[in-house]
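Okay, structure first, notes after.
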Amino acid sequence: MSESKKDRLKRLARNDQFISGIYNYCDRWCERCTLRNKCFSFAMDSDLRTENSPHNDPNNEEFWDGIHESFALAFELLQESAEKWGVDLNSDPDPKREKRERRRDRQTERDPLLKNSMAYAKAVDAWMDERKTLFGEKARQTEREIEMELPGHDPLPEVIALHEAVEVIRWYQYFLYPKISRAMSGLLDDERDMMDDVFGSAKIALIALERSIGAWQTLGRLLQQSDDVLELQIQLTKIKTELERRIPAARDFKRPGFDD
Ligand code: SF4
């Protein structure tokens with residue numbers, strides 16, 4: 001492990017351009033994030049990516065060397081922080097706490113809200129698979145329209161909107177479950193200092209739900225499948241309503257950076 005990489009990350013961590021905790025309740029869509037320059041997580045990832053930039057291929061041994069090196073660096077920094085805060089990383093786990101956590105995890109997994117979130121994610125896969133032909137037809141129709149150069153008709157904005165809707169649906173499809181799970185699991189935790197995490201996780205899940213519902217609306221309209229997407233929109237709306245019912249304060253939570 002080169003000393004310089006560790007020092008560089010420590011220097012980054014001290015940089016006050018970053019907003020503390022901004023990455024905790026974002027949607028992890030860094031490519032589209034307008035606050036990348038204020039995010040330590042992004043800067044750290046970029047730094048590690050730059051170091052390993054030729055090693056982005058999982059079939060390449062150097063890729064795994066890079067992962068191993070990143071893990072070793074993270075562990076080293078964790079050990080230093082633990083020493084600083086007087087935390088013994090080698091102490092035996094508290095059996096009572098472990099039992100409590102296992103019970104909480106089981107309870108969270110059985111939660112209908114979580115089951116519905118996973119059911120939605122799977123339903124999206126099925127929906128997209130069943131409509132591969134429809135997407136193919138739409139692409140061919142657009143190609144024909146472009147070739148025909150019809151006066152006063154530009155098919156490109158529609159194609160872009162369609163692509164955008166699919167991207168949004170796909171991005172949030174599997175994002176919802178872990179965020180809702182985190183919020184629900186925090187609700188069951190006895191420690192009150194978890195409440196910010198509950199609110200923040202629920203809030204970004206609500207945002208993802210609303211964006212997904214909107215994206216389905218666009219997709220349904222452009223593919224002339226509005227009735228067909230209704231079932232998925234209803235699924236999402238039910239999840240959203242239930243999440244709001246269980247965590248009404250989530251809406252008012254101010255996510256660092258995004259809601260300031
Ligand atoms: S705050 Fe923005 S840049 Fe940072 S992890 Fe979240 S999406 Fe990515």
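Starting from 1 in every chain, residues are counted up; chains themselves are A, B, ... following the order of the structure tokens, and ligands are numbered from 1 as listed.
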
Produce as a list in words the set of residues near ligand 1, where near means within 7 Å with only C-alpha atoms and all ligand atoms considered.
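The residues within 7 Å of ligand 1, counting only C-alpha atoms and all ligand atoms, are Ile22, Tyr23, Cys26, Asp27, Arg28, Trp29, Cys30, Cys33, Thr34, Leu35, Arg36, Cys39, Phe40, Ser41 and Phe42 of chain A.
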
Please write the residues from the selection above to a file, keeping N, CA and C atoms, as a CSV table (one decimal), in the first residue's frame.
```csv
chain,number,residue,atom,x,y,z
A,22,ILE,N,-23.4,14.0,2.6
A,22,ILE,CA,-24.2,14.2,1.4
A,22,ILE,C,-24.6,12.9,0.7
A,23,TYR,N,-23.7,11.9,0.8
A,23,TYR,CA,-23.8,10.7,0.1
A,23,TYR,C,-24.7,9.7,0.8
A,26,CYS,N,-28.6,10.2,-0.9
A,26,CYS,CA,-28.7,10.6,-2.4
A,26,CYS,C,-29.2,9.3,-3.1
A,27,ASP,N,-29.3,9.4,-4.4
A,27,ASP,CA,-29.8,8.2,-5.1
A,27,ASP,C,-28.6,7.4,-5.8
A,28,ARG,N,-27.4,7.8,-5.5
A,28,ARG,CA,-26.2,7.1,-6.0
A,28,ARG,C,-26.0,7.2,-7.5
A,29,TRP,N,-26.8,8.1,-8.1
A,29,TRP,CA,-26.7,8.2,-9.5
A,29,TRP,C,-25.6,9.3,-9.8
A,30,CYS,N,-24.4,9.0,-9.6
A,30,CYS,CA,-23.3,10.0,-9.6
A,30,CYS,C,-23.2,10.7,-11.0
A,33,CYS,N,-25.4,13.5,-10.9
A,33,CYS,CA,-25.5,14.3,-9.7
A,33,CYS,C,-24.9,15.7,-9.9
A,34,THR,N,-25.6,16.7,-9.5
A,34,THR,CA,-25.1,18.1,-9.7
A,34,THR,C,-24.2,18.5,-8.5
A,35,LEU,N,-24.1,17.6,-7.5
A,35,LEU,CA,-23.3,18.0,-6.4
A,35,LEU,C,-22.0,17.1,-6.2
A,36,ARG,N,-21.6,16.6,-7.3
A,36,ARG,CA,-20.4,15.7,-7.3
A,36,ARG,C,-19.2,16.4,-6.6
A,39,CYS,N,-19.0,16.1,-2.9
A,39,CYS,CA,-19.2,14.8,-2.3
A,39,CYS,C,-17.8,14.1,-2.1
A,40,PHE,N,-17.5,13.8,-0.9
A,40,PHE,CA,-16.3,13.1,-0.6
A,40,PHE,C,-16.3,11.7,-1.1
A,41,SER,N,-17.4,11.0,-1.1
A,41,SER,CA,-17.5,9.7,-1.6
A,41,SER,C,-17.1,9.6,-3.1
A,42,PHE,N,-17.7,10.6,-3.8
A,42,PHE,CA,-17.4,10.7,-5.3
A,42,PHE,C,-15.9,10.9,-5.5
```

So that I can see what lies close to Ala165 in chain A, please list as a list in words the residues with an atom at most 10 Å from it, counting only C-alpha atoms and leaving out residues fewer than 3 positions away in the same chain.
Val159, Ile160, Ala161, Leu162, Val168, Ile169, Arg170, Trp171, Arg211, Ser212, Ile213, Gly214, Ala215, Trp216, Gln217, Thr218, Leu219, Gly220 and Leu222 of chain A

Store the residues picked out above, limited to C-alpha atoms, as a compact mmCIF listing (two decimals), in the first residue's frame.
```txt
# COMPACT_ATOMS: atom_id res chain seq x y z
CA VAL A 159 -36.82 8.83 -28.53
CA ILE A 160 -34.82 10.74 -25.93
CA ALA A 161 -37.85 10.90 -23.59
CA LEU A 162 -38.41 7.18 -24.01
CA VAL A 168 -35.09 6.17 -14.59
CA ILE A 169 -37.22 3.05 -14.13
CA ARG A 170 -34.19 0.79 -14.35
CA TRP A 171 -32.07 2.91 -12.01
CA ARG A 211 -39.72 9.60 -10.24
CA SER A 212 -40.51 6.01 -11.18
CA ILE A 213 -44.26 6.66 -11.28
CA GLY A 214 -43.63 9.66 -13.55
CA ALA A 215 -41.29 7.68 -15.78
CA TRP A 216 -43.93 4.95 -16.21
CA GLN A 217 -46.42 7.63 -17.19
CA THR A 218 -44.08 8.81 -19.97
CA LEU A 219 -43.28 5.29 -21.08
CA GLY A 220 -46.93 4.29 -21.22
CA LEU A 222 -45.00 7.05 -25.74
```

Write out as a ChimeraX atom specification all residues of range 24-199 of chain A that DSSP puts in helix (DSSP H, G or I) for this structure's backbone.
/A:30-32,36-38,40-51,53-55,61-84,95-110,112-130,132-148,156-173,176-188,192-199

Contacts of Ser201 in chain A at 7 Å or less, counting only C-alpha atoms, minus same-chain residues fewer than 4 places along, as a ChimeraX atom specification?
/A:25,179-180,182-183,197,205

Go ahead and save the picked residues with N, CA, C and O atoms, as a compact mmCIF listing (two decimals), in the first residue's frame.
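Heads up, here's the output in result-v4.txt:
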```txt
# COMPACT_ATOMS: atom_id res chain seq x y z
N TYR A 25 -27.96 10.04 1.74
CA TYR A 25 -29.37 10.00 1.32
C TYR A 25 -29.56 10.50 -0.11
O TYR A 25 -30.57 11.12 -0.43
N LYS A 179 -33.29 0.78 0.33
CA LYS A 179 -33.56 2.03 1.05
C LYS A 179 -34.75 1.86 2.00
O LYS A 179 -34.72 2.31 3.14
N ILE A 180 -35.80 1.21 1.52
CA ILE A 180 -36.97 1.00 2.38
C ILE A 180 -36.61 0.04 3.52
O ILE A 180 -37.00 0.22 4.67
N ARG A 182 -33.73 -0.29 4.90
CA ARG A 182 -32.92 0.44 5.88
C ARG A 182 -33.83 1.29 6.79
O ARG A 182 -33.64 1.36 8.00
N ALA A 183 -34.81 1.93 6.16
CA ALA A 183 -35.72 2.77 6.94
C ALA A 183 -36.53 1.92 7.93
O ALA A 183 -36.65 2.25 9.11
N ASP A 197 -31.45 8.53 10.09
CA ASP A 197 -31.21 7.54 9.03
C ASP A 197 -32.52 6.98 8.50
O ASP A 197 -32.69 6.76 7.30
N ALA A 205 -36.25 7.19 -0.79
CA ALA A 205 -37.11 6.14 -1.38
C ALA A 205 -38.38 6.79 -1.95
O ALA A 205 -38.82 6.43 -3.05
```

Selection: 12 Å around Leu134 in chain A, only C-alpha atoms, excl. self and same-chain fewer than 3 positions, as a PyMOL selection string:
chain A and resi 127-131+137-141+219-220+222-225

Closest of A:Trp64, A:Phe199, A:Phe258, A:Phe135 to Ser185 in chain A - atom-to-atom distances counting only C-alpha atoms:
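Going through A:Trp64, A:Phe199, A:Phe258, A:Phe135 one by one, the smallest distance to Ser185 in chain A is for A:Phe199.
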